[in-house]
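K.L.:
Contents of target_25.txt (compact mmCIF, N, CA and C atoms) are given next:
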# COMPACT_ATOMS: atom_id res chain seq x y z
N MET U 704 -50.33 -40.19 -9.40
CA MET U 704 -48.91 -40.34 -9.59
C MET U 704 -48.53 -39.57 -10.85
N SER U 705 -47.49 -38.77 -10.73
CA SER U 705 -47.06 -38.01 -11.89
C SER U 705 -45.86 -38.67 -12.54
N ILE U 706 -45.75 -38.47 -13.80
CA ILE U 706 -44.66 -39.06 -14.57
C ILE U 706 -43.58 -38.00 -14.72
N PRO U 707 -42.34 -38.32 -14.30
CA PRO U 707 -41.27 -37.33 -14.43
C PRO U 707 -41.01 -37.01 -15.91
N THR U 708 -40.74 -35.74 -16.15
CA THR U 708 -40.46 -35.33 -17.53
C THR U 708 -39.03 -34.82 -17.61
N ALA U 709 -38.50 -34.82 -18.77
CA ALA U 709 -37.14 -34.31 -18.99
C ALA U 709 -37.16 -32.80 -18.87
N PRO U 710 -36.07 -32.22 -18.42
CA PRO U 710 -36.02 -30.76 -18.34
C PRO U 710 -36.18 -30.16 -19.72
N PRO U 711 -36.78 -28.97 -19.79
CA PRO U 711 -36.98 -28.36 -21.11
C PRO U 711 -35.64 -28.11 -21.78
N SER U 712 -35.58 -28.31 -23.06
CA SER U 712 -34.32 -28.09 -23.78
C SER U 712 -34.21 -26.61 -24.14
N LEU U 713 -32.99 -26.20 -24.33
CA LEU U 713 -32.73 -24.81 -24.70
C LEU U 713 -33.08 -24.62 -26.17
N PRO U 714 -33.51 -23.40 -26.52
CA PRO U 714 -33.81 -23.14 -27.92
C PRO U 714 -32.59 -23.41 -28.79
N SER U 715 -32.83 -23.89 -29.95
CA SER U 715 -31.84 -24.17 -30.99
C SER U 715 -30.73 -25.11 -30.50
N GLY U 716 -31.02 -25.96 -29.49
CA GLY U 716 -30.10 -27.00 -29.07
C GLY U 716 -28.82 -26.49 -28.43
N ARG U 717 -28.79 -25.27 -27.89
CA ARG U 717 -27.57 -24.73 -27.28
C ARG U 717 -27.36 -25.32 -25.90
N ASP U 718 -26.14 -25.58 -25.56
CA ASP U 718 -25.75 -26.11 -24.26
C ASP U 718 -25.73 -24.95 -23.25
N VAL U 719 -25.92 -25.28 -21.99
CA VAL U 719 -25.93 -24.26 -20.93
C VAL U 719 -24.62 -23.50 -20.90
N ASP U 720 -23.50 -24.18 -21.11
CA ASP U 720 -22.19 -23.53 -21.07
C ASP U 720 -21.97 -22.57 -22.22
N ASP U 721 -22.77 -22.66 -23.27
CA ASP U 721 -22.60 -21.80 -24.43
C ASP U 721 -23.44 -20.53 -24.39
N ARG U 722 -24.11 -20.29 -23.28
CA ARG U 722 -25.03 -19.15 -23.21
C ARG U 722 -24.34 -17.83 -22.95
N GLY U 723 -23.11 -17.81 -22.56
CA GLY U 723 -22.43 -16.55 -22.30
C GLY U 723 -21.79 -16.56 -20.93
N GLU U 724 -21.33 -15.43 -20.51
CA GLU U 724 -20.69 -15.31 -19.22
C GLU U 724 -21.04 -13.98 -18.58
N THR U 725 -20.91 -13.94 -17.28
CA THR U 725 -21.14 -12.71 -16.55
C THR U 725 -19.81 -12.02 -16.34
N VAL U 726 -19.74 -10.75 -16.69
CA VAL U 726 -18.51 -9.97 -16.54
C VAL U 726 -18.79 -8.83 -15.58
N LEU U 727 -17.95 -8.73 -14.55
CA LEU U 727 -18.08 -7.65 -13.58
C LEU U 727 -17.20 -6.48 -14.00
N ALA U 728 -17.72 -5.30 -13.90
CA ALA U 728 -16.93 -4.10 -14.19
C ALA U 728 -15.93 -3.88 -13.05
N ARG U 729 -14.81 -3.27 -13.39
CA ARG U 729 -13.79 -2.95 -12.38
C ARG U 729 -14.39 -2.14 -11.24
N ARG U 730 -15.26 -1.23 -11.57
CA ARG U 730 -15.85 -0.33 -10.55
C ARG U 730 -16.65 -1.12 -9.51
N VAL U 731 -17.28 -2.22 -9.92
CA VAL U 731 -18.02 -3.06 -8.98
C VAL U 731 -17.06 -3.68 -7.97
N LEU U 732 -15.92 -4.16 -8.44
CA LEU U 732 -14.92 -4.74 -7.55
C LEU U 732 -14.33 -3.69 -6.62
N GLU U 733 -14.10 -2.48 -7.14
CA GLU U 733 -13.56 -1.40 -6.32
C GLU U 733 -14.53 -1.04 -5.19
N LYS U 734 -15.79 -0.90 -5.52
CA LYS U 734 -16.79 -0.56 -4.50
C LYS U 734 -16.96 -1.69 -3.49
N THR U 735 -16.90 -2.93 -3.95
CA THR U 735 -17.03 -4.07 -3.05
C THR U 735 -15.87 -4.10 -2.07
N ALA U 736 -14.65 -3.94 -2.56
CA ALA U 736 -13.47 -3.94 -1.69
C ALA U 736 -13.52 -2.78 -0.70
N SER U 737 -13.91 -1.63 -1.18
CA SER U 737 -14.02 -0.44 -0.33
C SER U 737 -15.05 -0.64 0.77
N GLN U 738 -16.19 -1.19 0.41
CA GLN U 738 -17.26 -1.40 1.40
C GLN U 738 -16.87 -2.48 2.42
N VAL U 739 -16.21 -3.53 1.97
CA VAL U 739 -15.75 -4.57 2.90
C VAL U 739 -14.77 -3.96 3.90
N ALA U 740 -13.83 -3.16 3.42
CA ALA U 740 -12.87 -2.52 4.32
C ALA U 740 -13.58 -1.64 5.34
N ARG U 741 -14.59 -0.93 4.92
CA ARG U 741 -15.32 -0.02 5.81
C ARG U 741 -16.19 -0.79 6.81
N ASP U 742 -16.93 -1.78 6.34
CA ASP U 742 -17.91 -2.46 7.19
C ASP U 742 -17.29 -3.47 8.14
N GLU U 743 -16.22 -4.11 7.75
CA GLU U 743 -15.74 -5.25 8.50
C GLU U 743 -14.40 -5.02 9.21
N THR U 744 -13.91 -3.79 9.21
CA THR U 744 -12.66 -3.46 9.89
C THR U 744 -12.78 -2.08 10.51
N PHE U 745 -11.68 -1.59 11.03
CA PHE U 745 -11.64 -0.25 11.62
C PHE U 745 -11.28 0.83 10.61
N ALA U 746 -11.07 0.46 9.36
CA ALA U 746 -10.56 1.39 8.35
C ALA U 746 -11.58 2.45 7.97
N GLY U 747 -11.07 3.62 7.65
CA GLY U 747 -11.91 4.72 7.18
C GLY U 747 -11.31 5.32 5.93
N GLY U 748 -11.91 6.38 5.45
CA GLY U 748 -11.45 7.05 4.24
C GLY U 748 -11.42 8.55 4.44
N SER U 749 -11.47 9.26 3.36
CA SER U 749 -11.51 10.71 3.39
C SER U 749 -12.86 11.18 2.89
N SER U 750 -13.32 12.28 3.44
CA SER U 750 -14.60 12.81 2.98
C SER U 750 -14.48 14.31 2.77
N GLY U 751 -15.42 14.85 2.02
CA GLY U 751 -15.44 16.27 1.74
C GLY U 751 -14.36 16.66 0.75
N GLY U 752 -14.27 17.92 0.50
CA GLY U 752 -13.24 18.43 -0.39
C GLY U 752 -13.57 18.25 -1.85
N PHE U 753 -12.72 18.79 -2.67
CA PHE U 753 -12.87 18.71 -4.12
C PHE U 753 -11.50 18.43 -4.70
N LEU U 754 -11.39 17.33 -5.44
CA LEU U 754 -10.12 16.90 -6.03
C LEU U 754 -9.03 16.76 -4.96
N GLY U 755 -9.42 16.30 -3.78
CA GLY U 755 -8.45 16.09 -2.71
C GLY U 755 -8.14 17.32 -1.88
N ILE U 756 -8.64 18.49 -2.30
CA ILE U 756 -8.38 19.72 -1.55
C ILE U 756 -9.50 19.92 -0.55
N GLY U 757 -9.13 20.06 0.70
CA GLY U 757 -10.13 20.28 1.75
C GLY U 757 -10.75 19.01 2.27
N SER U 758 -10.25 17.85 1.85
CA SER U 758 -10.81 16.60 2.37
C SER U 758 -10.30 16.39 3.79
N ARG U 759 -11.05 15.60 4.55
CA ARG U 759 -10.67 15.38 5.94
C ARG U 759 -10.74 13.89 6.26
N ALA U 760 -9.95 13.50 7.24
CA ALA U 760 -9.94 12.11 7.70
C ALA U 760 -11.29 11.79 8.32
N ASP U 761 -11.88 10.69 7.89
CA ASP U 761 -13.22 10.34 8.37
C ASP U 761 -13.32 8.82 8.51
N LEU U 762 -13.39 8.34 9.74
CA LEU U 762 -13.46 6.91 9.99
C LEU U 762 -14.80 6.31 9.57
N SER U 763 -15.79 7.13 9.26
CA SER U 763 -17.07 6.59 8.81
C SER U 763 -17.17 6.58 7.28
N ALA U 764 -16.17 7.12 6.58
CA ALA U 764 -16.17 7.14 5.11
C ALA U 764 -15.53 5.86 4.57
N ARG U 765 -15.93 5.51 3.34
CA ARG U 765 -15.35 4.33 2.71
C ARG U 765 -13.92 4.63 2.25
N PRO U 766 -13.01 3.68 2.45
CA PRO U 766 -11.65 3.83 1.92
C PRO U 766 -11.67 3.83 0.39
N ASP U 767 -10.61 4.34 -0.21
CA ASP U 767 -10.47 4.32 -1.67
C ASP U 767 -9.91 2.97 -2.09
N ALA U 768 -10.39 2.46 -3.21
CA ALA U 768 -9.89 1.20 -3.74
C ALA U 768 -9.77 1.30 -5.25
N SER U 769 -8.75 0.65 -5.80
CA SER U 769 -8.61 0.53 -7.25
C SER U 769 -8.26 -0.92 -7.55
N VAL U 770 -8.56 -1.34 -8.77
CA VAL U 770 -8.36 -2.74 -9.13
C VAL U 770 -7.75 -2.86 -10.52
N GLU U 771 -6.87 -3.86 -10.66
CA GLU U 771 -6.39 -4.28 -11.98
C GLU U 771 -6.96 -5.67 -12.17
N LEU U 772 -7.64 -5.87 -13.27
CA LEU U 772 -8.35 -7.11 -13.51
C LEU U 772 -7.79 -7.79 -14.75
N ALA U 773 -7.45 -9.07 -14.61
CA ALA U 773 -6.97 -9.88 -15.74
C ALA U 773 -7.81 -11.15 -15.76
N GLY U 774 -8.84 -11.15 -16.60
CA GLY U 774 -9.75 -12.29 -16.63
C GLY U 774 -10.54 -12.37 -15.35
N ASN U 775 -10.35 -13.44 -14.61
CA ASN U 775 -11.07 -13.65 -13.35
C ASN U 775 -10.14 -13.51 -12.14
N VAL U 776 -9.03 -12.78 -12.32
CA VAL U 776 -8.05 -12.58 -11.25
C VAL U 776 -7.86 -11.08 -11.05
N ALA U 777 -7.93 -10.64 -9.79
CA ALA U 777 -7.84 -9.21 -9.48
C ALA U 777 -6.67 -8.91 -8.54
N SER U 778 -6.07 -7.74 -8.76
CA SER U 778 -5.10 -7.17 -7.83
C SER U 778 -5.70 -5.87 -7.35
N LEU U 779 -5.78 -5.70 -6.04
CA LEU U 779 -6.43 -4.52 -5.45
C LEU U 779 -5.42 -3.62 -4.76
N LYS U 780 -5.69 -2.33 -4.81
CA LYS U 780 -4.94 -1.34 -4.04
C LYS U 780 -5.97 -0.58 -3.22
N VAL U 781 -5.80 -0.59 -1.90
CA VAL U 781 -6.75 0.04 -1.00
C VAL U 781 -6.01 1.08 -0.16
N THR U 782 -6.53 2.30 -0.12
CA THR U 782 -5.96 3.37 0.69
C THR U 782 -6.90 3.65 1.84
N VAL U 783 -6.38 3.51 3.07
CA VAL U 783 -7.21 3.61 4.25
C VAL U 783 -6.63 4.61 5.25
N GLY U 784 -7.46 4.98 6.19
CA GLY U 784 -7.05 5.69 7.38
C GLY U 784 -7.43 4.82 8.56
N LEU U 785 -6.66 4.91 9.63
CA LEU U 785 -6.90 4.05 10.79
C LEU U 785 -6.91 4.87 12.07
N PRO U 786 -7.64 4.39 13.07
CA PRO U 786 -7.57 5.06 14.37
C PRO U 786 -6.20 4.80 15.00
N TYR U 787 -5.75 5.76 15.81
CA TYR U 787 -4.45 5.65 16.47
C TYR U 787 -4.68 5.63 17.97
N PRO U 788 -4.02 4.86 18.74
CA PRO U 788 -2.97 3.89 18.41
C PRO U 788 -3.59 2.56 18.02
N MET U 789 -2.91 1.86 17.14
CA MET U 789 -3.34 0.55 16.66
C MET U 789 -2.11 -0.16 16.11
N PRO U 790 -1.99 -1.47 16.32
CA PRO U 790 -0.85 -2.19 15.76
C PRO U 790 -0.99 -2.28 14.24
N LEU U 791 -0.21 -1.50 13.53
CA LEU U 791 -0.39 -1.35 12.08
C LEU U 791 -0.16 -2.65 11.31
N ARG U 792 0.88 -3.38 11.62
CA ARG U 792 1.17 -4.61 10.87
C ARG U 792 0.04 -5.61 11.03
N GLN U 793 -0.42 -5.83 12.24
CA GLN U 793 -1.51 -6.79 12.48
C GLN U 793 -2.81 -6.31 11.84
N THR U 794 -3.08 -5.02 11.95
CA THR U 794 -4.32 -4.47 11.42
C THR U 794 -4.35 -4.56 9.89
N THR U 795 -3.25 -4.20 9.23
CA THR U 795 -3.25 -4.27 7.77
C THR U 795 -3.27 -5.72 7.28
N GLU U 796 -2.65 -6.63 8.01
CA GLU U 796 -2.70 -8.05 7.62
C GLU U 796 -4.13 -8.58 7.76
N GLN U 797 -4.82 -8.21 8.84
CA GLN U 797 -6.22 -8.62 9.03
C GLN U 797 -7.09 -8.01 7.93
N LEU U 798 -6.87 -6.76 7.61
CA LEU U 798 -7.63 -6.08 6.55
C LEU U 798 -7.39 -6.76 5.21
N ARG U 799 -6.15 -7.06 4.89
CA ARG U 799 -5.80 -7.73 3.63
C ARG U 799 -6.50 -9.09 3.52
N ARG U 800 -6.44 -9.86 4.58
CA ARG U 800 -7.07 -11.19 4.60
C ARG U 800 -8.59 -11.08 4.43
N ARG U 801 -9.20 -10.14 5.14
CA ARG U 801 -10.66 -10.00 5.09
C ARG U 801 -11.13 -9.54 3.72
N ILE U 802 -10.42 -8.58 3.12
CA ILE U 802 -10.80 -8.11 1.78
C ILE U 802 -10.67 -9.25 0.77
N THR U 803 -9.57 -9.99 0.85
CA THR U 803 -9.37 -11.12 -0.08
C THR U 803 -10.51 -12.13 0.02
N GLU U 804 -10.84 -12.52 1.24
CA GLU U 804 -11.90 -13.52 1.45
C GLU U 804 -13.25 -13.03 0.96
N ARG U 805 -13.64 -11.85 1.41
CA ARG U 805 -15.00 -11.37 1.12
C ARG U 805 -15.21 -10.98 -0.33
N VAL U 806 -14.23 -10.34 -0.96
CA VAL U 806 -14.39 -9.96 -2.37
C VAL U 806 -14.51 -11.21 -3.23
N THR U 807 -13.69 -12.22 -2.94
CA THR U 807 -13.79 -13.48 -3.69
C THR U 807 -15.14 -14.14 -3.46
N GLU U 808 -15.58 -14.14 -2.21
CA GLU U 808 -16.87 -14.75 -1.86
C GLU U 808 -18.04 -14.02 -2.51
N LEU U 809 -18.02 -12.70 -2.50
CA LEU U 809 -19.14 -11.91 -3.01
C LEU U 809 -19.19 -11.82 -4.53
N THR U 810 -18.02 -11.83 -5.18
CA THR U 810 -18.00 -11.59 -6.63
C THR U 810 -17.60 -12.81 -7.45
N GLY U 811 -16.95 -13.78 -6.84
CA GLY U 811 -16.47 -14.93 -7.59
C GLY U 811 -15.16 -14.67 -8.31
N VAL U 812 -14.60 -13.47 -8.16
CA VAL U 812 -13.32 -13.13 -8.76
C VAL U 812 -12.21 -13.48 -7.78
N GLN U 813 -11.17 -14.15 -8.25
CA GLN U 813 -10.06 -14.53 -7.39
C GLN U 813 -9.18 -13.32 -7.13
N VAL U 814 -8.97 -12.99 -5.87
CA VAL U 814 -8.12 -11.86 -5.50
C VAL U 814 -6.71 -12.41 -5.26
N ARG U 815 -5.79 -11.98 -6.11
CA ARG U 815 -4.42 -12.47 -6.03
C ARG U 815 -3.58 -11.66 -5.06
N GLN U 816 -3.85 -10.35 -4.98
CA GLN U 816 -3.00 -9.46 -4.19
C GLN U 816 -3.82 -8.28 -3.70
N VAL U 817 -3.54 -7.86 -2.46
CA VAL U 817 -4.16 -6.65 -1.92
C VAL U 817 -3.05 -5.79 -1.33
N ASP U 818 -2.78 -4.64 -1.95
CA ASP U 818 -1.81 -3.69 -1.43
C ASP U 818 -2.55 -2.65 -0.61
N ILE U 819 -2.08 -2.40 0.60
CA ILE U 819 -2.76 -1.46 1.49
C ILE U 819 -1.82 -0.30 1.79
N THR U 820 -2.33 0.91 1.60
CA THR U 820 -1.61 2.13 1.95
C THR U 820 -2.37 2.80 3.09
N VAL U 821 -1.67 3.04 4.19
CA VAL U 821 -2.28 3.78 5.30
C VAL U 821 -1.93 5.24 5.09
N SER U 822 -2.92 6.06 4.73
CA SER U 822 -2.66 7.45 4.38
C SER U 822 -2.75 8.41 5.56
N TRP U 823 -3.41 7.99 6.63
CA TRP U 823 -3.50 8.84 7.82
C TRP U 823 -3.85 8.00 9.04
N LEU U 824 -3.51 8.54 10.20
CA LEU U 824 -3.87 7.95 11.49
C LEU U 824 -4.64 9.01 12.27
N LYS U 825 -5.71 8.61 12.90
CA LYS U 825 -6.54 9.58 13.63
C LYS U 825 -6.50 9.27 15.12
N PRO U 826 -5.91 10.18 15.91
CA PRO U 826 -5.87 9.96 17.35
C PRO U 826 -7.26 10.12 17.96
N PRO U 827 -7.46 9.57 19.15
CA PRO U 827 -8.77 9.71 19.79
C PRO U 827 -9.10 11.18 20.06
N GLN U 828 -10.38 11.49 20.02
CA GLN U 828 -10.82 12.86 20.30
C GLN U 828 -10.66 13.17 21.77
N ARG U 829 -10.14 14.32 22.06
CA ARG U 829 -10.02 14.75 23.45
C ARG U 829 -11.31 15.43 23.88
N ASP U 830 -11.67 15.18 25.11
CA ASP U 830 -12.87 15.80 25.66
C ASP U 830 -12.50 17.18 26.18
N THR U 831 -12.95 18.24 25.50
CA THR U 831 -12.61 19.61 25.88
C THR U 831 -13.81 20.35 26.47
N ARG U 832 -14.87 19.63 26.80
CA ARG U 832 -16.08 20.31 27.28
C ARG U 832 -15.85 21.00 28.63
N GLY U 833 -15.09 20.41 29.52
CA GLY U 833 -14.91 20.98 30.85
C GLY U 833 -13.75 21.95 30.94
N ARG U 834 -13.10 22.23 29.82
CA ARG U 834 -11.91 23.08 29.85
C ARG U 834 -12.18 24.44 29.21
N ARG U 835 -11.43 25.42 29.67
CA ARG U 835 -11.46 26.76 29.08
C ARG U 835 -10.05 27.21 28.79
N LYS U 836 -9.92 27.97 27.78
CA LYS U 836 -8.62 28.52 27.45
C LYS U 836 -8.36 29.71 28.36
N LEU U 837 -7.20 29.71 29.00
CA LEU U 837 -6.83 30.83 29.87
C LEU U 837 -6.24 31.96 29.04
N GLN U 838 -6.60 33.18 29.41
CA GLN U 838 -6.08 34.31 28.65
C GLN U 838 -5.20 35.19 29.49
Kindly return the structure encoded in the file as C-alpha cells.

P.N.:
Amino acid sequence: MSIPTAPPSLPSGRDVDDRGETVLARRVLEKTASQVARDETFAGGSSGGFLGIGSRADLSARPDASVELAGNVASLKVTVGLPYPMPLRQTTEQLRRRITERVTELTGVQVRQVDITVSWLKPPQRDTRGRRKLQ
C-alpha cells in the first residue's frame, strides 16, 4: 500500500497562476483562420505572381487573412475566392460561423468579428478536349 503524497511545490513558493501567460502572435491567428477557411469550406485564395501582379484565382490556395488583436479578443478579415455558381450569402455566413468556432477552439482566442470579402468567383471549367476551333 502506498501513501499518497502532496504534489510537489513550485520553487520559491510561486502559485501556478503567477507563472506567466501564453501569448499568440497575430500571424499564428492569421494562418489558423486562413487554413480553416481553406480546409473546411469551398473557399480558395490567389497563387503565383509577385506583389499581386500575375496572381491567379486558385481554389486550392489558402485565402488571405488579417487580424486585429486586443488582449484575448480578435477581429478577423478574410479575403476569399469561391466557385461559381454558389449562394453567396449562405456560403459567407457558413464560412464566418466556421472560422469563428474553429479559431476559438484551436487557439483559445475569442473571435468577436469575421469580415469576409469575396474577391473573385471561379466558374466551372469547360471540357474543351473534344472541340476544335474552326478556321

K.L.:
Hey, which of U:Gln828, U:Thr810, U:Thr803, U:Thr794 ends up closest to Lys780 of chain U? Count only C-alpha atoms.

P.N.:
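Smallest distance to Lys780 of chain U is found for U:Thr803.
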
K.L.:
May I have the residues within 12 Å of Asp818 of chain U as a PyMOL selection string, using only C-alpha atoms and disregarding those fewer than 6 positions away in the same chain?

P.N.:
chain U and resi 736+767-771+777-783+795-796+798-800+802-803

K.L.:
If I take atom N of Pro827 of chain U and atom CA of Leu762 of chain U, how far is one from the other in Å, to one decimal?

P.N.:
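It comes out at 11.3 Å.
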
K.L.:
Between atom N of Gln816 of chain U and atom C of Glu733 of chain U, what is the distance, to one decimal in Å?

P.N.:
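The value is 14.2 Å.
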
K.L.:
Between atom C of Thr820 of chain U and atom N of Gly784 of chain U, measure the distance and give it in Å to one decimal.

P.N.:
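Value for the atom C of Thr820 of chain U-atom N of Gly784 of chain U distance: 6.3 Å.
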
K.L.:
Find the residue from U:Gly774, U:Pro786, U:Pro766, U:Gly811 that sits nearest to Gly748 of chain U; use only N, CA and C atoms when measuring.

P.N.:
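Selected residue with least distance to Gly748 of chain U: U:Pro766.
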
K.L.:
Running DSSP on the backbone, which parts of segment 710-828 of chain U land in strand (DSSP E), as a PyMOL selection string?

P.N.:
chain U and resi 748-750+759-761+767-773+776-786+813-825

K.L.:
Could you write out, as number ranges by chain, all the residues of segment 712-819 of chain U that DSSP marks as helix (DSSP H, G or I)?

P.N.:
U: 714-716, 719-721, 729-743, 791-810
